[in-house]
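A short worksheet on the structure shown next.
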Amino acid sequence: MSSKEGKNETGKLKRILGIAAVVAVVVFGTVLFILNFKVIRNQLKKMTASPEEYYRYVEETNKDRVGRQILAKLCDNIKATAVANSEGSTTEIDVRLGDNAKAILNYVTDTNWNILDNIQLILENNKEDELVKDELELLINGVNIVSGELIYDANDDMIYAKAPELNTESLGFNVPEIDIRELADIFDKYSDMFMPEINNVEEDSCDLEIGEIKEQCTSLKITLDNEELIGELERLLGENEGMEDKEITMILWVNNKGNILGREIAFGDIFVLRYAMTLDGREINLEVYCEVDGEVALDISGNGVIKKGVLSGEISIEGFDEKIADITVSSLDIETLKEGYIDIKAVVNLDDDILDYIRDNKIEGILSNDIKLEVLYNSGSVVMSIDLCDKDKMLCGVTFNNMAGSNEESIDIPDEFLLIDNEEQIYTWLNNIDFSTVEANWKKAGFEPGIIAGLEAALREYLTSN
């Protein structure tokens, strides 16, 4: 090969390598741009926009974040569940008592609760045209002790109530007309209040640190000017001499992707509410803080790890400088949560000081401060289980099970009832209460009648004193 041909080959190779290098840079740059698109877009907006424009941009782009989507889906699902339940549902509440819980009841009521097997509340809801009926039964050891019935007539705006084991006479109440759409309008009204005109926005750089996670952020301090909102806060918080200026401020902490990591709203020195969350890979830290009149009313801090779509972690709750509880979340299904439903298992450990009054009464050791909590909410039902435990031994527990589904029973408005339009008529109905049926049912469940006689005596004393 001649030297000329060799030079040509070398030139071709250089050109090919040059083109390859350019392509590699373009590809790498494109991938890098895609991966950091949110960061680049946010930084460009931050550099070119005024603080006020950047604030509006951040609020708008955060509307579609996962947290807000979860909240929106959860709200939609709860409304759908409420609609399904309005067409008919059955709710069962089972109460379980361990030996230590029975010992507490034996101590405070002078009744032998050791024979108790189970307590069950059954609530059945039914709808027929413009009538809605709720029936409640209290069963102890499988015996119906007492029951109640409520019927709402939307045509006449009347509520009818009856407790047949106590008084055979039905009650009637006039109620104001309620339009569910008005309730929805209330939410919209207060939502709109929090989009006020902006007086000014102060922009600064800061580090948001929660637990062991620190993230560089931009802080945006906004002064809110909305007389209607200020009036509502004054009404809720009451008159206070410290609010002469009546200024509301809000601080947002925004990361380099433009995501809002936290927010603080302050109404002078009277009320401060702050929440923030930082995320580092699979690790997550959160903080919720509320201050009223200079005192820390609520301080929640937590940390956790997400593995295979399940969050586990620890939460600490304090109020007015006192420990309230520690919560250990063993599992929170993130995928279920994204669909707007809940599947969580946790243990709540109450602080010992909360139980001091029991220890003062010489009952130390028979009440636990460990609460096991399980909640499973899906499209068909809501199941919640709560157990008080002492060293893994159940003290007492409650299971709440709500199942939507229409009941076929017809609804009949009582022909005769006592129309309640003044306090005296209520006292008349209470004076005619007869405990004999309840007492008979109580005995049938295996108990001595003492506690029922005590309830009757307390009612008679109340009626006499009033």
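Letters for chains follow the order of the structure tokens (A, B, ...), residue numbers begin at 1 for each chain, and ligand numbers begin at 1 in the order shown.
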### Query
Quick one: residues within 8 Å of segment 289-302 of chain A, only C-alpha atoms counted, chain neighbours fewer than 4 positions away excluded, as a ChimeraX atom specification?
/A:269-275,285,313-321
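Among the candidates A:Ala458, A:Leu123, A:Met47, A:Ile93, the residue lying nearest to Met384 of chain A is A:Ile93 (atoms considered: only C-alpha atoms).
Each of A:Ala154, A:Ile260, A:Ile334, A:Ile115 was checked against Glu60 of chain A using only C-alpha atoms; the smallest atom-to-atom distance is that of A:Ile260.
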### Task
Measuring atom to atom with only C-alpha atoms, identify which of A:Leu139, A:Cys217, A:Ile159, A:Val310 is nearest to Gln43 of chain A.
A:Cys217
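Our summary of the geometry notes that atom CA of Asp157 of chain A is positioned 24.8 Å from atom CA of Gly405 of chain A.
Every protein or nucleic acid residue with an atom no more than 9 Å from Met158 of chain A, counting only C-alpha atoms and leaving out same-chain residues fewer than 4 positions away, appears here: A:Ile151, A:Tyr152, A:Asp153, A:Ala154, A:Gly172, A:Phe173, A:Asn174, A:Val175, A:Pro176.
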File of the preceding selection, C-alpha atoms, as a PDB file, in the first residue's frame:
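What follows is the written file out28.pdb:
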```pdb
ATOM      1  CA  ILE A 151     -85.865   6.406  59.583  1.00  0.00           C
ATOM      2  CA  TYR A 152     -85.212   9.519  57.520  1.00  0.00           C
ATOM      3  CA  ASP A 153     -87.994  10.689  55.203  1.00  0.00           C
ATOM      4  CA  ALA A 154     -86.544  13.058  52.590  1.00  0.00           C
ATOM      5  CA  GLY A 172     -90.514  12.251  65.352  1.00  0.00           C
ATOM      6  CA  PHE A 173     -88.165  15.169  64.606  1.00  0.00           C
ATOM      7  CA  ASN A 174     -88.372  17.892  61.994  1.00  0.00           C
ATOM      8  CA  VAL A 175     -85.005  18.397  60.287  1.00  0.00           C
ATOM      9  CA  PRO A 176     -83.846  21.120  57.893  1.00  0.00           C
TER      10      PRO A 176
END
```
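Using only C-alpha atoms, the residues found no farther than 12 Å from Asn112 of chain A, other than those of its own chain fewer than 6 positions away, are A:Asp99, A:Ala101, A:Lys102, A:Ala103, A:Ile104, A:Leu105, A:Asn106, A:Gly446, A:Phe447, A:Glu448, A:Pro449, A:Gly450, A:Ile451.
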Same residues, C-alpha atoms, output as an mmCIF file, in the first residue's frame:
```cif
data_model
loop_
_atom_site.group_PDB
_atom_site.id
_atom_site.type_symbol
_atom_site.label_atom_id
_atom_site.label_comp_id
_atom_site.auth_asym_id
_atom_site.auth_seq_id
_atom_site.Cartn_x
_atom_site.Cartn_y
_atom_site.Cartn_z
ATOM 1 C CA ASP A 99 -58.692 -11.612 80.806
ATOM 2 C CA ALA A 101 -59.722 -6.239 80.311
ATOM 3 C CA LYS A 102 -62.348 -8.271 82.118
ATOM 4 C CA ALA A 103 -60.397 -7.692 85.341
ATOM 5 C CA ILE A 104 -60.642 -3.929 84.754
ATOM 6 C CA LEU A 105 -64.411 -4.147 84.209
ATOM 7 C CA ASN A 106 -64.790 -6.361 87.281
ATOM 8 C CA GLY A 446 -75.810 -14.816 81.757
ATOM 9 C CA PHE A 447 -75.299 -11.638 83.800
ATOM 10 C CA GLU A 448 -76.705 -10.501 87.132
ATOM 11 C CA PRO A 449 -79.088 -7.518 86.812
ATOM 12 C CA GLY A 450 -77.045 -5.161 89.000
ATOM 13 C CA ILE A 451 -75.530 -3.050 86.235
#
```
